[in-house]
Amino acid sequence: MAPSSQYKFLRQAPRDGLSTAMLPSRWQRLHIDPWLCLFLIMNALLGLTVLYSASAQDTALVTRQAISFGIGFVVMFSLAQIPPKVYQAFSPYFYIIGVFGLLAVIIFGEIRMGAQRWIDIPGFGSVQPSEFMKIGMPLMIAWFLSRGPLPPGFRNVLASLLLIGIPFVLIAEQPDLGTSLLILASGIFVLFLSGLSWKMILGAVAAAGVLIPIAWAFLLHDYQRQRVLTLLNPEADALGTGWNIIQSKTAIGSGGFIGKGFLEGTQSHLHFLPEGHTDFIIAAFSEEFGLIGILILILIYFAMIFRILQISLNSFHNYGRLVAGAFGLSFFVYVFVNAGMVSGILPVVGVPLPFMSYGGTAIITLMATFGIVMSIHTHR
């Protein structure tokens with residue numbers, strides 16, 4: 001055999017004993033996971049359908065939401081092309097930029113509705129740095145822990161808690177308790193997945209039990225305490241702070257098993273249901289599509305979370321395993337907290353329902369996390 005033909009054969013032949021069936025598929029070459037992509041498209045279509053009804057058929061609002069989904073898919077596809085080692089290398093810089101953004105909010109942030117959460121950038125618009133930390137926090141803690149052996153030692157756990165606590169305090173002071181708790185959870189999930197001993201976990205639970213009364217007395221604002229009291233007895237102020245929960249539970253209960261039908265919801269269309277197209281959109285959805293519709297939505301969410309955790313377990317490196325697992329568990333918390341506050345089992349904290357509630361920033365941020373997860377899965 002001529003040297004040139006032999007070299008050509010070696011270049012094109014599967015190496016290291018790999019068969020043709022084990023070569024990267026078309027989806028892997030595009031760095032896209034087809035299952036996650038399918039679930040995202042289903043969720044997006046369902047969200048746009050419900051938003052059209054919950055917004056009183058506001059086509060302009062639905063169009064803006066559709067544009068946000070389009071931008072989100074582009075962001076997801078673009079981030080999926082970047083190898084995980086690049087994210088690992090730049091994780092500290094993402095975190096530092098996010099912290100400086102939160103400090104900038106304190107210094108010259110824009111105040112809206114009594115909260116200082118945004119930075120107005122001329123020619124670009126308002127930016128909410130806390131949304132950036134939803135990505136930066138898990139990346140940073142995963143980078144820090146993956147540099148050493150797992151499970152981490154006591155010093156690394158304390159250092160991780162310090163890294164988690166800085167953004168948590170800065171966001172809670174805006175005040176934005178809901179977002180601060182979500183970001184806190186995203187960092188804690190990385191610690192949990194790193195293999196903490198049960199002694200540390202039980203010790204943390206005990207410490208939280210001691211800190212809760214202190215937080216209630218000295219850290220929570222008056223309106224935040226009122227939200228907790230309203231959760232326990234919404235009928236005590238039925239026309240005030242309890243109105244949202246009462247109307248939400250009324251909408252959910254009136255949907256019954258099969259719902260009233262598309263565009264037939266009364267609570268949202270007659271404006272009894274507050275924020276029917278944002279935080280309380282699942283109540284409007286339940287009223288029109290009933291228990292069957294809710295089960296379908298939960299099934300889609302469960303499939304997405306299951307697939308992300310499956311990707312995490314199949315990752316070949318600790319960094320990817322920690323990041324993907326934290327994103328999957330954080331996504332579960334977003335769904336659980338919104339469903340819990342709308343159904344009256346959790347206080348109202350202003351957390352949108354993923355891919356359903358109106359809001360472009362939240363959609364693009366979540367799509368970015370899915371892009372990173374796909375990158376972890378498809379870059380071997």
# chains A, B, ... in the order shown; residues from 1 in each chain; ligands from 1
$ residues_around --residues "A:Leu51" --least-positions-apart "4" --cutoff "9 Å" --atoms "only C-alpha atoms" --output "PyMOL selection string"
chain A and resi 46-47+55-58+61-62+65+276-278+281+285+356-358
$ residues_around --residues "A:Gly256" --least-positions-apart "2" --cutoff "8 Å" --atoms "only C-alpha atoms" --output "PyMOL selection string"
chain A and resi 252-254+258-260+287+290-291
$ write_last_selection --atoms "C-alpha atoms" --output "PDB file, in the first residue's frame"
ATOM      1  CA  ILE A 252     -57.096  27.608  39.936  1.00  0.00           C
ATOM      2  CA  GLY A 253     -60.100  25.995  41.617  1.00  0.00           C
ATOM      3  CA  SER A 254     -62.630  27.237  39.055  1.00  0.00           C
ATOM      4  CA  ILE A 258     -60.679  20.151  31.998  1.00  0.00           C
ATOM      5  CA  GLY A 259     -60.828  23.946  32.418  1.00  0.00           C
ATOM      6  CA  LYS A 260     -63.197  26.566  31.090  1.00  0.00           C
ATOM      7  CA  GLU A 287     -58.489  28.307  34.882  1.00  0.00           C
ATOM      8  CA  GLY A 290     -57.785  22.760  34.185  1.00  0.00           C
ATOM      9  CA  LEU A 291     -55.966  19.914  35.889  1.00  0.00           C
TER      10      LEU A 291
END
$ select_by_dssp --residues "stretch 12-213 of chain A" --states "helix (DSSP H, G or I)" --output "PyMOL selection string"
chain A and resi 12+20-22+26-30+34-54+59-80+84-108+129-146+154-172+177-193+198-213
$ closest_residue --among "A:Leu220, A:Ala283, A:Val86, A:Ile308" --to "A:Asp176" --atoms "only C-alpha atoms"
A:Leu220
$ closest_residue --among "A:Ser343, A:Ser78, A:Gln128, A:Thr378" --to "A:Lys249" --atoms "only C-alpha atoms"
A:Ser343
$ residues_around --residues "A:Ile245" --least-positions-apart "4" --cutoff "10 Å" --atoms "only C-alpha atoms" --output "number ranges by chain"
A: 230-231, 234-235, 238, 241, 249-251, 273-274, 280, 341-345, 347-348
$ atom_distance --atom1 "atom CA of A:Gly325" --atom2 "atom CA of A:Gly187"
11.1 Å
$ residues_around --residues "A:Leu170" --least-positions-apart "4" --cutoff "8 Å" --atoms "only C-alpha atoms" --output "NGL selection string"
:A and (102-103 or 166 or 174)
$ write_last_selection --atoms "C-alpha atoms" --output "PDB file, in the first residue's frame"
ATOM      1  CA  LEU A 102     -24.388  44.749  41.983  1.00  0.00           C
ATOM      2  CA  LEU A 103     -22.151  47.361  43.625  1.00  0.00           C
ATOM      3  CA  ILE A 166     -21.608  38.363  49.008  1.00  0.00           C
ATOM      4  CA  GLN A 174     -31.966  46.153  46.752  1.00  0.00           C
TER       5      GLN A 174
END
$ residues_around --residues "A:Trp27" --least-positions-apart "2" --cutoff "12 Å" --atoms "only C-alpha atoms" --output "number ranges by chain"
A: 23-25, 29-37, 77, 80-81, 374-375, 377-379
$ atom_distance --atom1 "atom CA of A:Arg64" --atom2 "atom CA of A:Tyr52"
11.4 Å
$ atom_distance --atom1 "atom CA of A:Gly101" --atom2 "atom CA of A:Gln116"
12.4 Å
